[in-house]
Amino acid sequence: MEISSQQKEAYFTATQFQLVRTRFFANRSAMIAGSILLFMIVISLFAGFLSPYDPTIAGRDKQYENGAPEIPMFWDENGFSLRPFIHAKSKYRGADTNFRWVYKVDTEKRKYLQFFVKGWEYKYFKWSINLPGKKFDFKIPGLTFDTHLFGVDSGGIHIFGTDKPGKDLFSRTLAAIYISLAVGTLGVFISFVLSLIVGGVAGYYGGWIDGIAQMFTDAVRTIPPIPLFMCLAAFAPDTWSSEMRFFFISCLLGFISWPTLARRVRTHLLTERSQEYILAAKLCGASSTHIIIRHLLPSFTSYIIVDLVISFPYMLLSETALSFIGLGLRDPVNSLGVLLQSATRADVLLNYQWYFLPVLVLITLILSFVFVGDGLRDAADPHRNK
Amino acid sequence: MINFIQFTMTRAVMAVFTLLIVSLIVFTLMELVPGTCAERYLAFKNTQGSGITVEDIEAEERRLGLDRPFPVRFGSWIKNIVVDGDFGDSCILRVSINELLKERFFISLAICITALIFSYLIAIPVGIISATTKFRSIDTILKFISYLGIALPNFLVALCIMLFMTVYYGDTMTGLFSEKFQNAPWSVDRVKDFLSRAWLPIFVLGWNATAFALQTVRALILDEHGKLYVMAARARGVSGMSLLWRYPAKHSLGPVINSLGFDLNRIFSALPVVALILVLTEAGALLIESLARSNDQQLAGAIIFLLTATIVFVNFVTDIMLAIIDPRIRKGVMGGD
């Protein structure tokens with residue numbers, strides 16, 4: 001294939017970022033995964049707007065407990081309608097159902113989907129901290145909204161179905177994605193800071209400091225993370241509020257996953273330190289601050305970003321595992337692990353299969369993270385010639 | 001040879017040192033758990049109807065040696081483990097931890113190591129196929145399956161298999177033994193019974209590990225495949241399987257051995273939750289029991305210590321194996337050849 005000189009010119013003058021971007025965009029599976037991921041992040045940010053009901057117990061629908069998903073449709077045997085609708089359901093029990101509550105679909109009655117309806121209130125930028133002592137408490141009321149993307153004129157609509165107390169699974173899933181991503185982000189951030197400090201000090205100073213830091217990180221690395229994690233999570237007393245627990249679990253995730261990253265930072269710093277371009281900069285009389293900021297940091301930001309993205313799914317999985325066994329987040333908070341926990345009963349598989357919908361969301365989320373991480377790693381690798 | 005012994009000794013000293021740091025971390029964690037063993041024991045007694053006082057707690061603390069300063073307690077804990085192999089008594093269950101763990105720990109170990117072997121038995125051939133196949137689609141499919149192994153939480157896989165079994169075969173497949181052999185002494189039949197059930201945790205743990213192992217093998221083979229010495233060998237007329245086995249595969253063996261310790265670490269990590277789902281009566285389940293239910297720090301510490309010690313030992317063995325297998329390290333260690 002003939003490559004024009006213009007293209008060559010563009011290739012040789014492109015910045016590191018441009019190169020990475022071009023390579024990443026060329027990777028189809030990573031791009032698909034990236035769009036899914038972006039979609040997930042956006043819907044989690046607008047969870048309040050998109051979910052028709054309050055994901056906590058306050059939003060339960062007493063008329064529809066353990067209810068099957070209701071998919072909006074455009075037509076039934078009574079004809080076509082431009083506005084999507086669902087059928088009304090009525091609660092029924094009698095001798096023929098063994099006195100269990102079942103829901104009868106009334107195909108004659110339609111509930112039409114409404115858009116931009118008023119509903120439960122959700123807040124953005126609300127921030128309140130309760131520290132010991134009244135003086136340190138501070139509250140930012142934030143902005144309150146009550147508009148939701150969709151709803152129905154009467155009764156409820158549950159496109160993912162409802163759980164045992166009648167909470168809307170769709171709303172819970174959205175809230176759970178947000179919480180899980182937030183826990184992961186906070187955890188990644190903490191582990192990033194820790195690894196930068198430990199790895200940075202070890203790699204920059206070298207010598208005996210490096211030796212001791214290595215010994216310590218390696219020792220932490222040998223302890224199996226989930227058991228250690230469980231051990232630490234057991235500290236959290238039951239009396240803690242859900243916010244406190246959330247913060248604690250995120251910190252733990254960060255504290256446990258830093259060694260791998262610290263090792264990477266250190267190895268990278270050690271190899272880069274003796275590169276010719278650093279020597280050249282030194283010979284030109286550059287100060288160490290200049291070398292660190294202008295040369296060393298840019299040389300490994302792409303690696304660090306890639307490593308952070310790669311470590312993200314493991315954060316999510318750890319959180320899920322921990323919440324799943326009951327040591328992580330708990331019920332008023334919706335995380336994907338909490339939702340998974342409710343899908344573990346045998347009767348769920350037999351009767352209420354829609355409990356597994358959040359599980360599919362979790363798998364999609366993790367898979368897309370893995371693919372994006374993989375794509376980024378390939379794209380950031382300068383030894384890959386394309 | 002002298003050099004080799006020296007190398008082994010250095011590695012052994014380093015392993016012991018790592019273990020020491022780990023035990024310090026574990027012991028500190030045990031100490032940080034709110035409440036002491038004495039309080040817990042007396043609280044238990046309290047529920048039985050006998051009233052307790054502050055003096056009772058203090059007396060119990062003295063009896064357990066909890067009134068001594070931290071370094072002394074740490075020293076005696078380590079000493080008991082190293083010299084007598086004694087982990088002390090469980091806080092809640094009031095029985096010797098050694099008695100509790102003896103059989104269970106080895107069952108856990110057997111399950112995990114079998115899972116590790118299983119994962120590499122699959123990962124090595126499949127990884128090589130994935131790296132060298134001419135058909136991109138095969139590579140993509142294999143890659144996707146291995147990613148799925150990472151993305152599916154393994155307890156979920158366990159759960160799905162279990163539920164499936166319950167619904168369609170009527171047997172839950174949970175536990176390590178069927179009722180008949182639950183408390184029977186070890187015999188050939190019991191081993192058979194064990195194996196007929198242990199495949200499930202081994203499969204679940206192994207699948208997840210396979211996903212990681214597959215990626216390692218694939219990346220290594222791909223890396224080596226493009227190198228100049230492989231090209232040179234090809235130019236000399238070596239081709240096909242013999243090229244693969246003589247050069248890239250042999251070269252990739254080192255890093256694979258090197259990663260065994262961390263693979264085992266990952267399997268140990270997954271073990272407790274899988275054990276919880278499958279109602280296995282082994283160390284992993286006991287760990288959850290001791291942490292989530294009863295806050296039994298003594299027992300939890302012992303289990304984490306044992307798991308980590310196993311990993312440190314595996315790392316030590318793989319280091320020695322590497323020195324024997326890899327000529328680059330061998331020459332460095334033994335000097336000359």
# chains A, B, ... in the order shown; residues from 1 in each chain; ligands from 1
>>> select_by_dssp(residues="region 215-279 of chain A", states="helix (DSSP H, G or I)", output="ChimeraX atom specification")
/A:215-222,225-233,242-273,276-279
>>> interface_residues(of="chain A", to="chain B", cutoff="10 Å", atoms="only C-alpha atoms", output="ChimeraX atom specification")
/A:29,215-237,313-314,316-318,320-322,324-327,340-341,343-350,359-360,362-371
>>> select_by_dssp(residues="region 124-347 of chain A", states="strand (DSSP E or B)", output="list of chain:residue names")
A:Tyr124, A:Trp127, A:Ser128, A:Ile129, A:Phe138, A:Lys139, A:Ile140, A:Leu143, A:Thr144, A:Phe145, A:Asp146, A:Thr147, A:His148, A:Leu149, A:Phe150, A:Gly151, A:Val152, A:Thr162, A:Asp168
>>> residues_around(residues="Cys251 (chain A)", least_positions_apart="2", cutoff="9 Å", atoms="only C-alpha atoms", output="PDB file with N, CA, C and O atoms, in the first residue's frame")
ATOM      1  N   VAL A 183     -17.400   3.499  44.001  1.00  0.00           N
ATOM      2  CA  VAL A 183     -16.501   2.765  44.891  1.00  0.00           C
ATOM      3  C   VAL A 183     -15.210   2.448  44.159  1.00  0.00           C
ATOM      4  O   VAL A 183     -14.110   2.658  44.672  1.00  0.00           O
ATOM      5  N   LEU A 186     -13.040   5.640  43.579  1.00  0.00           N
ATOM      6  CA  LEU A 186     -12.388   6.086  44.806  1.00  0.00           C
ATOM      7  C   LEU A 186     -11.247   5.129  45.166  1.00  0.00           C
ATOM      8  O   LEU A 186     -10.139   5.554  45.524  1.00  0.00           O
ATOM      9  N   GLY A 187     -11.527   3.831  45.027  1.00  0.00           N
ATOM     10  CA  GLY A 187     -10.511   2.824  45.332  1.00  0.00           C
ATOM     11  C   GLY A 187      -9.307   2.957  44.424  1.00  0.00           C
ATOM     12  O   GLY A 187      -8.155   2.939  44.870  1.00  0.00           O
ATOM     13  N   ILE A 190      -7.273   6.024  45.430  1.00  0.00           N
ATOM     14  CA  ILE A 190      -6.458   5.839  46.633  1.00  0.00           C
ATOM     15  C   ILE A 190      -5.246   4.958  46.333  1.00  0.00           C
ATOM     16  O   ILE A 190      -4.116   5.262  46.721  1.00  0.00           O
ATOM     17  N   SER A 191      -5.493   3.876  45.595  1.00  0.00           N
ATOM     18  CA  SER A 191      -4.377   2.994  45.296  1.00  0.00           C
ATOM     19  C   SER A 191      -3.362   3.694  44.395  1.00  0.00           C
ATOM     20  O   SER A 191      -2.159   3.485  44.499  1.00  0.00           O
ATOM     21  N   PHE A 246     -19.531   2.781  52.886  1.00  0.00           N
ATOM     22  CA  PHE A 246     -19.155   2.970  51.490  1.00  0.00           C
ATOM     23  C   PHE A 246     -17.736   3.531  51.387  1.00  0.00           C
ATOM     24  O   PHE A 246     -16.890   3.023  50.652  1.00  0.00           O
ATOM     25  N   PHE A 247     -17.485   4.556  52.192  1.00  0.00           N
ATOM     26  CA  PHE A 247     -16.174   5.185  52.173  1.00  0.00           C
ATOM     27  C   PHE A 247     -15.096   4.208  52.657  1.00  0.00           C
ATOM     28  O   PHE A 247     -14.021   4.086  52.070  1.00  0.00           O
ATOM     29  N   PHE A 248     -15.419   3.480  53.702  1.00  0.00           N
ATOM     30  CA  PHE A 248     -14.480   2.522  54.284  1.00  0.00           C
ATOM     31  C   PHE A 248     -14.110   1.436  53.279  1.00  0.00           C
ATOM     32  O   PHE A 248     -12.928   1.114  53.086  1.00  0.00           O
ATOM     33  N   ILE A 249     -15.135   0.904  52.596  1.00  0.00           N
ATOM     34  CA  ILE A 249     -14.890  -0.171  51.634  1.00  0.00           C
ATOM     35  C   ILE A 249     -14.022   0.342  50.482  1.00  0.00           C
ATOM     36  O   ILE A 249     -13.081  -0.334  50.044  1.00  0.00           O
ATOM     37  N   LEU A 253     -10.338  -1.085  49.312  1.00  0.00           N
ATOM     38  CA  LEU A 253      -9.998  -1.507  47.955  1.00  0.00           C
ATOM     39  C   LEU A 253      -8.696  -0.860  47.529  1.00  0.00           C
ATOM     40  O   LEU A 253      -7.826  -1.502  46.940  1.00  0.00           O
ATOM     41  N   GLY A 254      -8.577   0.430  47.851  1.00  0.00           N
ATOM     42  CA  GLY A 254      -7.360   1.146  47.491  1.00  0.00           C
ATOM     43  C   GLY A 254      -6.157   0.625  48.239  1.00  0.00           C
ATOM     44  O   GLY A 254      -5.090   0.410  47.672  1.00  0.00           O
ATOM     45  N   PHE A 255      -6.334   0.381  49.532  1.00  0.00           N
ATOM     46  CA  PHE A 255      -5.198  -0.038  50.349  1.00  0.00           C
ATOM     47  C   PHE A 255      -4.691  -1.409  49.957  1.00  0.00           C
ATOM     48  O   PHE A 255      -3.533  -1.739  50.198  1.00  0.00           O
ATOM     49  N   ILE A 256      -5.577  -2.232  49.391  1.00  0.00           N
ATOM     50  CA  ILE A 256      -5.135  -3.579  49.089  1.00  0.00           C
ATOM     51  C   ILE A 256      -4.542  -3.703  47.710  1.00  0.00           C
ATOM     52  O   ILE A 256      -3.669  -4.514  47.469  1.00  0.00           O
TER      53      ILE A 256
END
>>> residues_around(residues="Gly226 (chain B)", least_positions_apart="2", cutoff="12 Å", atoms="only C-alpha atoms", output="number ranges by chain")
A: 383-384; B: 131-132, 219-224, 228-234, 244, 247-248
>>> decode(residues="region 314-332 of chain B", atoms="C-alpha atoms", output="short mmCIF file (atom, residue, chain, number, x, y, z; two decimals), in the first residue's frame")
data_model
loop_
_atom_site.label_atom_id
_atom_site.label_comp_id
_atom_site.auth_asym_id
_atom_site.auth_seq_id
_atom_site.Cartn_x
_atom_site.Cartn_y
_atom_site.Cartn_z
CA VAL B 314 5.59 -21.92 46.18
CA ASN B 315 7.44 -18.75 45.22
CA PHE B 316 10.59 -20.15 46.79
CA VAL B 317 10.26 -23.45 44.93
CA THR B 318 9.56 -21.73 41.61
CA ASP B 319 12.62 -19.54 42.09
CA ILE B 320 14.76 -22.62 42.54
CA MET B 321 13.10 -24.34 39.60
CA LEU B 322 13.77 -21.33 37.43
CA ALA B 323 17.41 -21.41 38.40
CA ILE B 324 17.59 -25.03 37.32
CA ILE B 325 15.58 -24.72 34.11
CA ASP B 326 16.60 -21.36 32.71
CA PRO B 327 20.19 -21.41 31.47
CA ARG B 328 20.50 -17.63 31.79
CA ILE B 329 19.77 -17.73 35.49
CA ARG B 330 21.64 -21.02 35.92
CA LYS B 331 24.81 -19.50 34.56
CA GLY B 332 24.35 -16.45 36.73
#
